$ cat work.pdb   # PDB, C-alpha atoms
ATOM      1  CA  MET A  86     168.531 -20.649  66.809  1.00  0.00           C
ATOM      2  CA  ASN A  87     169.987 -22.485  69.804  1.00  0.00           C
ATOM      3  CA  TYR A  88     171.120 -25.901  68.585  1.00  0.00           C
ATOM      4  CA  ARG A  89     172.337 -27.088  71.979  1.00  0.00           C
ATOM      5  CA  ASN A  90     168.844 -27.827  73.254  1.00  0.00           C
ATOM      6  CA  ILE A  91     167.744 -29.779  70.181  1.00  0.00           C
ATOM      7  CA  ALA A  92     167.587 -33.598  70.409  1.00  0.00           C
ATOM      8  CA  ASP A  93     170.003 -35.790  68.480  1.00  0.00           C
ATOM      9  CA  ASP A  94     167.391 -37.149  66.079  1.00  0.00           C
ATOM     10  CA  GLU A  95     166.233 -33.627  65.177  1.00  0.00           C
ATOM     11  CA  LEU A  96     169.852 -32.489  64.591  1.00  0.00           C
ATOM     12  CA  LEU A  97     170.442 -35.549  62.455  1.00  0.00           C
ATOM     13  CA  LYS A  98     167.271 -34.810  60.470  1.00  0.00           C
ATOM     14  CA  ARG A  99     168.375 -31.196  59.842  1.00  0.00           C
ATOM     15  CA  PHE A 100     171.790 -32.382  58.733  1.00  0.00           C
ATOM     16  CA  ARG A 101     170.348 -34.903  56.272  1.00  0.00           C
ATOM     17  CA  GLN A 102     167.620 -32.699  54.825  1.00  0.00           C
ATOM     18  CA  TYR A 103     169.296 -29.300  54.749  1.00  0.00           C
ATOM     19  CA  ASN A 104     172.997 -30.201  54.900  1.00  0.00           C
ATOM     20  CA  ASP A 105     173.083 -28.169  58.114  1.00  0.00           C
ATOM     21  CA  LYS A 106     176.780 -28.237  59.094  1.00  0.00           C
ATOM     22  CA  MET A 107     176.042 -26.572  62.427  1.00  0.00           C
ATOM     23  CA  ALA A 108     173.682 -29.422  63.366  1.00  0.00           C
ATOM     24  CA  PHE A 109     176.320 -31.979  62.423  1.00  0.00           C
ATOM     25  CA  GLY A 110     178.992 -30.099  64.393  1.00  0.00           C
ATOM     26  CA  ILE A 111     176.822 -30.050  67.529  1.00  0.00           C
ATOM     27  CA  LEU A 112     176.131 -33.789  67.173  1.00  0.00           C
ATOM     28  CA  LEU A 113     179.790 -34.675  66.909  1.00  0.00           C
ATOM     29  CA  LYS A 114     180.710 -32.281  69.696  1.00  0.00           C
ATOM     30  CA  ARG A 115     178.274 -34.146  71.964  1.00  0.00           C
ATOM     31  CA  TYR A 116     179.880 -37.463  71.117  1.00  0.00           C
ATOM     32  CA  LEU A 117     183.499 -36.378  70.788  1.00  0.00           C
ATOM     33  CA  PRO A 118     184.420 -37.747  74.261  1.00  0.00           C
ATOM     34  CA  LEU A 119     182.882 -41.099  73.302  1.00  0.00           C
ATOM     35  CA  LEU A 120     184.760 -41.243  69.998  1.00  0.00           C
ATOM     36  CA  LEU A 121     188.038 -40.132  71.540  1.00  0.00           C
ATOM     37  CA  GLY A 122     187.723 -42.443  74.543  1.00  0.00           C
ATOM     38  CA  THR A 123     186.924 -45.446  72.370  1.00  0.00           C
ATOM     39  CA  CYS A 124     189.858 -44.773  70.047  1.00  0.00           C
ATOM     40  CA  LYS A 125     192.249 -44.220  72.980  1.00  0.00           C
ATOM     41  CA  ARG A 126     191.113 -47.448  74.628  1.00  0.00           C
ATOM     42  CA  TYR A 127     192.068 -49.473  71.566  1.00  0.00           C
ATOM     43  CA  LEU A 128     195.034 -47.545  70.183  1.00  0.00           C
ATOM     44  CA  LYS A 129     196.689 -46.717  73.543  1.00  0.00           C
ATOM     45  CA  SER A 130     198.002 -43.473  72.069  1.00  0.00           C
ATOM     46  CA  PRO A 131     196.270 -40.106  72.520  1.00  0.00           C
ATOM     47  CA  GLU A 132     197.888 -38.743  69.353  1.00  0.00           C
ATOM     48  CA  ASP A 133     196.797 -41.696  67.218  1.00  0.00           C
ATOM     49  CA  ALA A 134     193.314 -41.513  68.735  1.00  0.00           C
ATOM     50  CA  GLU A 135     192.983 -37.808  67.909  1.00  0.00           C
ATOM     51  CA  ASP A 136     194.146 -38.397  64.345  1.00  0.00           C
ATOM     52  CA  LEU A 137     191.645 -41.205  63.909  1.00  0.00           C
ATOM     53  CA  VAL A 138     188.785 -39.093  65.302  1.00  0.00           C
ATOM     54  CA  MET A 139     189.614 -36.413  62.730  1.00  0.00           C
ATOM     55  CA  GLU A 140     189.412 -39.053  59.996  1.00  0.00           C
ATOM     56  CA  LEU A 141     186.120 -40.287  61.449  1.00  0.00           C
ATOM     57  CA  TYR A 142     184.662 -36.787  61.371  1.00  0.00           C
ATOM     58  CA  GLU A 143     184.578 -36.814  57.562  1.00  0.00           C
ATOM     59  CA  LYS A 144     183.581 -40.470  57.356  1.00  0.00           C
ATOM     60  CA  CYS A 145     180.685 -39.927  59.761  1.00  0.00           C
ATOM     61  CA  ALA A 146     179.453 -36.924  57.797  1.00  0.00           C
ATOM     62  CA  ASP A 147     179.191 -39.031  54.641  1.00  0.00           C
ATOM     63  CA  ILE A 148     177.578 -42.005  56.388  1.00  0.00           C
ATOM     64  CA  LEU A 149     175.111 -40.005  58.487  1.00  0.00           C
ATOM     65  CA  LYS A 150     174.012 -38.007  55.461  1.00  0.00           C
ATOM     66  CA  SER A 151     173.300 -41.054  53.315  1.00  0.00           C
ATOM     67  CA  SER A 152     171.989 -43.585  55.840  1.00  0.00           C
ATOM     68  CA  SER A 153     168.508 -43.183  57.268  1.00  0.00           C
ATOM     69  CA  GLU A 154     168.557 -46.475  59.188  1.00  0.00           C
ATOM     70  CA  ILE A 155     170.564 -45.211  62.172  1.00  0.00           C
ATOM     71  CA  GLU A 156     168.304 -45.319  65.233  1.00  0.00           C
ATOM     72  CA  PHE A 157     170.732 -45.042  68.118  1.00  0.00           C
ATOM     73  CA  LEU A 158     173.376 -42.516  67.195  1.00  0.00           C
ATOM     74  CA  LYS A 159     175.492 -43.061  70.308  1.00  0.00           C
ATOM     75  CA  THR A 160     175.717 -46.818  69.719  1.00  0.00           C
ATOM     76  CA  TYR A 161     176.377 -46.316  66.034  1.00  0.00           C
ATOM     77  CA  LEU A 162     179.211 -43.850  66.639  1.00  0.00           C
ATOM     78  CA  PHE A 163     180.735 -46.165  69.256  1.00  0.00           C
ATOM     79  CA  VAL A 164     180.747 -49.060  66.775  1.00  0.00           C
ATOM     80  CA  VAL A 165     182.212 -46.871  64.011  1.00  0.00           C
ATOM     81  CA  ALA A 166     185.014 -45.673  66.340  1.00  0.00           C
ATOM     82  CA  LYS A 167     185.731 -49.196  67.601  1.00  0.00           C
ATOM     83  CA  ASN A 168     185.893 -50.651  64.079  1.00  0.00           C
ATOM     84  CA  ALA A 169     188.112 -47.826  62.842  1.00  0.00           C
ATOM     85  CA  ALA A 170     190.497 -48.294  65.788  1.00  0.00           C
ATOM     86  CA  LEU A 171     190.639 -52.059  65.235  1.00  0.00           C
ATOM     87  CA  GLY A 172     191.282 -51.481  61.534  1.00  0.00           C
ATOM     88  CA  LYS A 173     194.132 -49.132  62.408  1.00  0.00           C
ATOM     89  CA  LEU A 174     195.589 -51.759  64.754  1.00  0.00           C
ATOM     90  CA  ARG A 175     195.344 -54.408  62.037  1.00  0.00           C
ATOM     91  CA  SER A 176     197.158 -52.171  59.572  1.00  0.00           C
ATOM     92  CA  LYS A 177     199.846 -51.449  62.171  1.00  0.00           C
ATOM     93  CA  LYS A 178     200.199 -55.155  62.839  1.00  0.00           C
ATOM     94  CA  ILE A 179     200.620 -55.798  59.120  1.00  0.00           C
ATOM     95  CA  LEU A 180     203.226 -53.042  59.022  1.00  0.00           C
ATOM     96  CA  ILE A 181     205.018 -54.534  62.028  1.00  0.00           C
ATOM     97  CA  GLU A 182     204.917 -58.015  60.461  1.00  0.00           C
ATOM     98  CA  TYR A 183     206.290 -56.547  57.219  1.00  0.00           C
ATOM     99  CA  GLN A 184     209.085 -54.828  59.174  1.00  0.00           C
ATOM    100  CA  ASP A 185     209.864 -58.140  60.902  1.00  0.00           C
ATOM    101  CA  ILE A 186     210.082 -59.873  57.515  1.00  0.00           C
ATOM    102  CA  VAL A 187     212.384 -57.154  56.179  1.00  0.00           C
ATOM    103  CA  LYS A 188     214.532 -57.464  59.312  1.00  0.00           C
ATOM    104  CA  LEU A 189     214.769 -61.238  58.828  1.00  0.00           C
ATOM    105  CA  GLU A 190     215.720 -60.765  55.174  1.00  0.00           C
ATOM    106  CA  VAL A 191     218.462 -58.314  56.163  1.00  0.00           C
ATOM    107  CA  GLU A 192     219.767 -60.754  58.772  1.00  0.00           C
ATOM    108  CA  GLU A 193     219.649 -63.580  56.229  1.00  0.00           C
ATOM    109  CA  GLU A 194     221.587 -61.446  53.735  1.00  0.00           C
ATOM    110  CA  LYS A 195     224.188 -60.702  56.429  1.00  0.00           C
ATOM    111  CA  ASN A 196     224.460 -64.424  57.138  1.00  0.00           C
ATOM    112  CA  ASN A 197     224.856 -65.134  53.414  1.00  0.00           C
ATOM    113  CA  GLN A 198     227.591 -62.485  53.199  1.00  0.00           C
ATOM    114  CA  LEU A 199     229.299 -64.003  56.243  1.00  0.00           C
ATOM    115  CA  ILE A 200     229.134 -67.478  54.700  1.00  0.00           C
ATOM    116  CA  LEU A 201     230.542 -66.115  51.452  1.00  0.00           C
ATOM    117  CA  LYS A 202     233.303 -64.299  53.335  1.00  0.00           C
ATOM    118  CA  ASN A 203     234.137 -67.467  55.284  1.00  0.00           C
ATOM    119  CA  LYS A 204     234.234 -69.476  52.052  1.00  0.00           C
ATOM    120  CA  LYS A 205     236.568 -66.917  50.493  1.00  0.00           C
ATOM    121  CA  GLU A 206     238.769 -66.955  53.580  1.00  0.00           C
ATOM    122  CA  LEU A 207     238.813 -70.756  53.566  1.00  0.00           C
ATOM    123  CA  ASP A 208     239.681 -70.771  49.859  1.00  0.00           C
ATOM    124  CA  LEU A 209     242.402 -68.209  50.529  1.00  0.00           C
ATOM    125  CA  LEU A 210     243.842 -70.324  53.357  1.00  0.00           C
ATOM    126  CA  ASN A 211     243.766 -73.412  51.142  1.00  0.00           C
ATOM    127  CA  GLY A 212     245.470 -71.423  48.395  1.00  0.00           C
ATOM    128  CA  MET A 213     248.136 -70.246  50.854  1.00  0.00           C
ATOM    129  CA  LYS A 214     249.050 -73.900  51.463  1.00  0.00           C
ATOM    130  CA  LEU A 215     250.060 -74.203  47.803  1.00  0.00           C
ATOM    131  CA  LEU A 216     252.640 -71.415  48.063  1.00  0.00           C
ATOM    132  CA  THR A 217     256.278 -71.982  48.884  1.00  0.00           C
ATOM    133  CA  GLN A 218     257.262 -71.127  52.431  1.00  0.00           C
ATOM    134  CA  GLU A 219     258.951 -67.877  51.305  1.00  0.00           C
ATOM    135  CA  GLN A 220     255.924 -66.797  49.265  1.00  0.00           C
ATOM    136  CA  ARG A 221     253.528 -67.631  52.100  1.00  0.00           C
ATOM    137  CA  LEU A 222     255.589 -65.718  54.681  1.00  0.00           C
ATOM    138  CA  CYS A 223     255.923 -62.680  52.409  1.00  0.00           C
ATOM    139  CA  VAL A 224     252.174 -62.642  51.697  1.00  0.00           C
ATOM    140  CA  GLU A 225     251.289 -63.066  55.388  1.00  0.00           C
ATOM    141  CA  HIS A 226     253.576 -60.255  56.541  1.00  0.00           C
ATOM    142  CA  PHE A 227     252.798 -57.850  53.702  1.00  0.00           C
ATOM    143  CA  TYR A 228     249.009 -58.320  53.375  1.00  0.00           C
ATOM    144  CA  PHE A 229     247.833 -59.638  56.719  1.00  0.00           C
ATOM    145  CA  LYS A 230     250.243 -57.907  59.064  1.00  0.00           C
ATOM    146  CA  LYS A 231     250.323 -54.775  56.881  1.00  0.00           C
ATOM    147  CA  MET A 232     254.122 -54.520  56.851  1.00  0.00           C
ATOM    148  CA  ARG A 233     256.104 -52.620  54.238  1.00  0.00           C
ATOM    149  CA  TYR A 234     258.530 -54.302  51.821  1.00  0.00           C
ATOM    150  CA  LYS A 235     261.515 -53.186  53.882  1.00  0.00           C
ATOM    151  CA  GLN A 236     259.999 -54.451  57.143  1.00  0.00           C
ATOM    152  CA  VAL A 237     259.177 -57.847  55.599  1.00  0.00           C
ATOM    153  CA  ALA A 238     262.715 -58.073  54.238  1.00  0.00           C
ATOM    154  CA  GLU A 239     264.187 -57.349  57.691  1.00  0.00           C
ATOM    155  CA  VAL A 240     261.932 -59.835  59.514  1.00  0.00           C
ATOM    156  CA  LEU A 241     262.526 -62.639  57.002  1.00  0.00           C
ATOM    157  CA  GLY A 242     266.211 -61.875  56.390  1.00  0.00           C
ATOM    158  CA  MET A 243     265.780 -61.217  52.660  1.00  0.00           C
ATOM    159  CA  ASP A 244     266.498 -58.270  50.449  1.00  0.00           C
ATOM    160  CA  VAL A 245     263.612 -56.120  49.193  1.00  0.00           C
ATOM    161  CA  LYS A 246     263.884 -57.487  45.622  1.00  0.00           C
ATOM    162  CA  GLN A 247     263.408 -61.061  46.862  1.00  0.00           C
ATOM    163  CA  VAL A 248     260.374 -60.009  48.917  1.00  0.00           C
ATOM    164  CA  LYS A 249     258.824 -58.329  45.869  1.00  0.00           C
ATOM    165  CA  THR A 250     259.479 -61.393  43.699  1.00  0.00           C
ATOM    166  CA  HIS A 251     257.966 -63.787  46.291  1.00  0.00           C
ATOM    167  CA  LEU A 252     254.947 -61.498  46.693  1.00  0.00           C
ATOM    168  CA  GLN A 253     254.398 -61.213  42.956  1.00  0.00           C
ATOM    169  CA  ASN A 254     254.651 -64.983  42.410  1.00  0.00           C
ATOM    170  CA  GLY A 255     252.546 -65.739  45.512  1.00  0.00           C
ATOM    171  CA  LYS A 256     249.806 -63.293  44.398  1.00  0.00           C
ATOM    172  CA  ARG A 257     249.700 -64.813  40.930  1.00  0.00           C
ATOM    173  CA  MET A 258     249.394 -68.357  42.307  1.00  0.00           C
ATOM    174  CA  LEU A 259     246.669 -67.305  44.781  1.00  0.00           C
ATOM    175  CA  LYS A 260     244.748 -65.501  42.043  1.00  0.00           C
ATOM    176  CA  ASN A 261     244.840 -68.575  39.803  1.00  0.00           C
ATOM    177  CA  TYR A 262     243.756 -70.823  42.668  1.00  0.00           C
ATOM    178  CA  LEU A 263     240.853 -68.519  43.651  1.00  0.00           C
ATOM    179  CA  LEU A 264     239.695 -68.293  40.032  1.00  0.00           C
ATOM    180  CA  LYS A 265     239.627 -72.090  39.835  1.00  0.00           C
ATOM    181  CA  SER A 266     237.786 -72.393  43.191  1.00  0.00           C
ATOM    182  CA  GLY A 267     235.010 -70.064  41.953  1.00  0.00           C
ATOM    183  CA  ASN A 268     235.821 -66.838  43.834  1.00  0.00           C
ATOM    184  CA  HIS A 269     236.974 -65.046  40.694  1.00  0.00           C
ATOM    185  CA  GLY A 270     239.684 -63.187  42.572  1.00  0.00           C
ATOM    186  CA  LYS A 271     237.192 -61.265  44.702  1.00  0.00           C
TER
END
$ encode --input "work.pdb" --output "structure tokens"
Amino acid sequence: MNYRNIADDELLKRFRQYNDKMAFGILLKRYLPLLLGTCKRYLKSPEDAEDLVMELYEKCADILKSSSEIEFLKTYLFVVAKNAALGKLRSKKILIEYQDIVKLEVEEEKNNQLILKNKKELDLLNGMKLLTQEQRLCVEHFYFKKMRYKQVAEVLGMDVKQVKTHLQNGKRMLKNYLLKSGNHGK
């Protein structure tokens, strides 16, 4: 039997009554350009449009089989494709909005970390003011300028034992100050 010459309504009737897959295939083949064109127009992506048309193939089979109220198949398929494409766009928009929210939360967390870091640095600087001049200089050279004990001793004109003593006392005082200021030595 040559299905290509049969009218849409007869093909639809055969599909509904006899579950004639060939009739359904011919129908969709006739309207594939319409479905694809409609999906491309809305989605702006040939790949997304093709994927959606494949999804619609199964959806249309179920709907066409169960619904006997479809009079104008072409119009019906156009509306189905348009609604599916708009639904896909809405879900993408929701995904994009979700990604924007996540991005904002990440930026907010970075800002919170920066604020925390600045508070710790401020507390550290305030704690440094409590140290004696020798302790402060030893801590600055050893920890901030990354010098070795011997280098600090040479720059400050001290012996290595003095540098170690000033560092040990300075660290202890800073630790106590930071614990009192709420940074718990972090």
$ residues_around --input "work.pdb" --residues "region 112-119 of chain A" --least-positions-apart "3" --cutoff "9 Å" --atoms "only C-alpha atoms" --output "list in words"
Asp93, Leu96, Leu97, Met107, Ala108, Phe109, Gly122, Thr123, Cys124, Val138, Tyr142, Cys145, Lys159, Leu162, Phe163 and Ala166 of chain A
$ closest_residue --input "work.pdb" --among "A:Leu128, A:Ala92, A:Leu120, A:Leu241" --to "Lys178 (chain A)" --atoms "only C-alpha atoms"
A:Leu128
$ resolve_selection --input "work.pdb" --expression "the PyMOL selection byres ((chain A and resi 234) around 10)" --output "list of chain:residue names"
A:Cys223, A:His226, A:Phe227, A:Lys231, A:Met232, A:Arg233, A:Lys235, A:Gln236, A:Val237, A:Ala238, A:Glu239, A:Asp244, A:Val245, A:Lys246, A:Gln247, A:Val248, A:Lys249, A:Leu252
$ residues_around --input "work.pdb" --residues "Arg101 (chain A)" --least-positions-apart "3" --cutoff "8 Å" --atoms "all atoms listed in the file" --output "PyMOL selection string"
chain A and resi 97-98+104-105+149-151
$ atom_distance --input "work.pdb" --atom1 "CA of Leu137 (chain A)" --atom2 "CA of Asp94 (chain A)"
24.7 Å
$ resolve_selection --input "work.pdb" --expression "the PyMOL selection byres ((chain A and resi 256-264) around 9)" --output "PyMOL selection string"
chain A and resi 205+208-209+211-213+215-216+220+224+251-255+265-271
$ atom_distance --input "work.pdb" --atom1 "CA of Glu135 (chain A)" --atom2 "CA of Ile91 (chain A)"
26.6 Å
$ closest_residue --input "work.pdb" --among "A:Ala146, A:Gly110, A:Glu193, A:Thr250" --to "Glu219 (chain A)" --atoms "all atoms listed in the file"
A:Thr250
$ atom_distance --input "work.pdb" --atom1 "CA of Ala170 (chain A)" --atom2 "CA of Asp133 (chain A)"
9.2 Å
$ closest_residue --input "work.pdb" --among "A:Leu207, A:Leu141, A:Leu199, A:Val187" --to "Ala169 (chain A)" --atoms "all atoms listed in the file"
A:Leu141
$ closest_residue --input "work.pdb" --among "A:Leu210, A:Phe100, A:Glu156, A:Leu171" --to "Glu225 (chain A)" --atoms "all atoms listed in the file"
A:Leu210
$ closest_residue --input "work.pdb" --among "A:Val164, A:Lys173, A:Glu190, A:Ile111" --to "Ala134 (chain A)" --atoms "only C-alpha atoms"
A:Lys173
$ axis_aligned_box --input "work.pdb" --around "region 205-216 of chain A" --padding-each-side "6 Å" --output "lines of an AutoDock Vina configuration file"
center_x = 244.6
center_y = -70.6
center_z = 50.7
size_x = 28.1
size_y = 19.3
size_z = 17.8
$ decode --input "work.pdb" --residues "region 213-232 of chain A" --atoms "C-alpha atoms" --output "PDB file, in the first residue's frame"
ATOM      1  CA  MET A 213      51.506  43.989  66.809  1.00  0.00           C
ATOM      2  CA  LYS A 214      51.181  47.412  68.462  1.00  0.00           C
ATOM      3  CA  LEU A 215      51.200  45.711  71.869  1.00  0.00           C
ATOM      4  CA  LEU A 216      54.589  44.080  71.273  1.00  0.00           C
ATOM      5  CA  THR A 217      57.878  45.631  72.275  1.00  0.00           C
ATOM      6  CA  GLN A 218      59.844  47.169  69.438  1.00  0.00           C
ATOM      7  CA  GLU A 219      62.284  44.215  69.371  1.00  0.00           C
ATOM      8  CA  GLN A 220      59.468  41.654  69.306  1.00  0.00           C
ATOM      9  CA  ARG A 221      57.607  43.549  66.581  1.00  0.00           C
ATOM     10  CA  LEU A 222      60.717  43.869  64.392  1.00  0.00           C
ATOM     11  CA  CYS A 223      61.601  40.189  64.818  1.00  0.00           C
ATOM     12  CA  VAL A 224      58.047  39.104  63.948  1.00  0.00           C
ATOM     13  CA  GLU A 225      57.891  41.424  60.918  1.00  0.00           C
ATOM     14  CA  HIS A 226      61.215  40.241  59.498  1.00  0.00           C
ATOM     15  CA  PHE A 227      60.740  36.548  60.261  1.00  0.00           C
ATOM     16  CA  TYR A 228      57.055  36.084  59.320  1.00  0.00           C
ATOM     17  CA  PHE A 229      56.243  38.867  56.892  1.00  0.00           C
ATOM     18  CA  LYS A 230      59.556  39.256  55.109  1.00  0.00           C
ATOM     19  CA  LYS A 231      60.261  35.509  55.324  1.00  0.00           C
ATOM     20  CA  MET A 232      63.802  35.940  56.655  1.00  0.00           C
TER      21      MET A 232
END
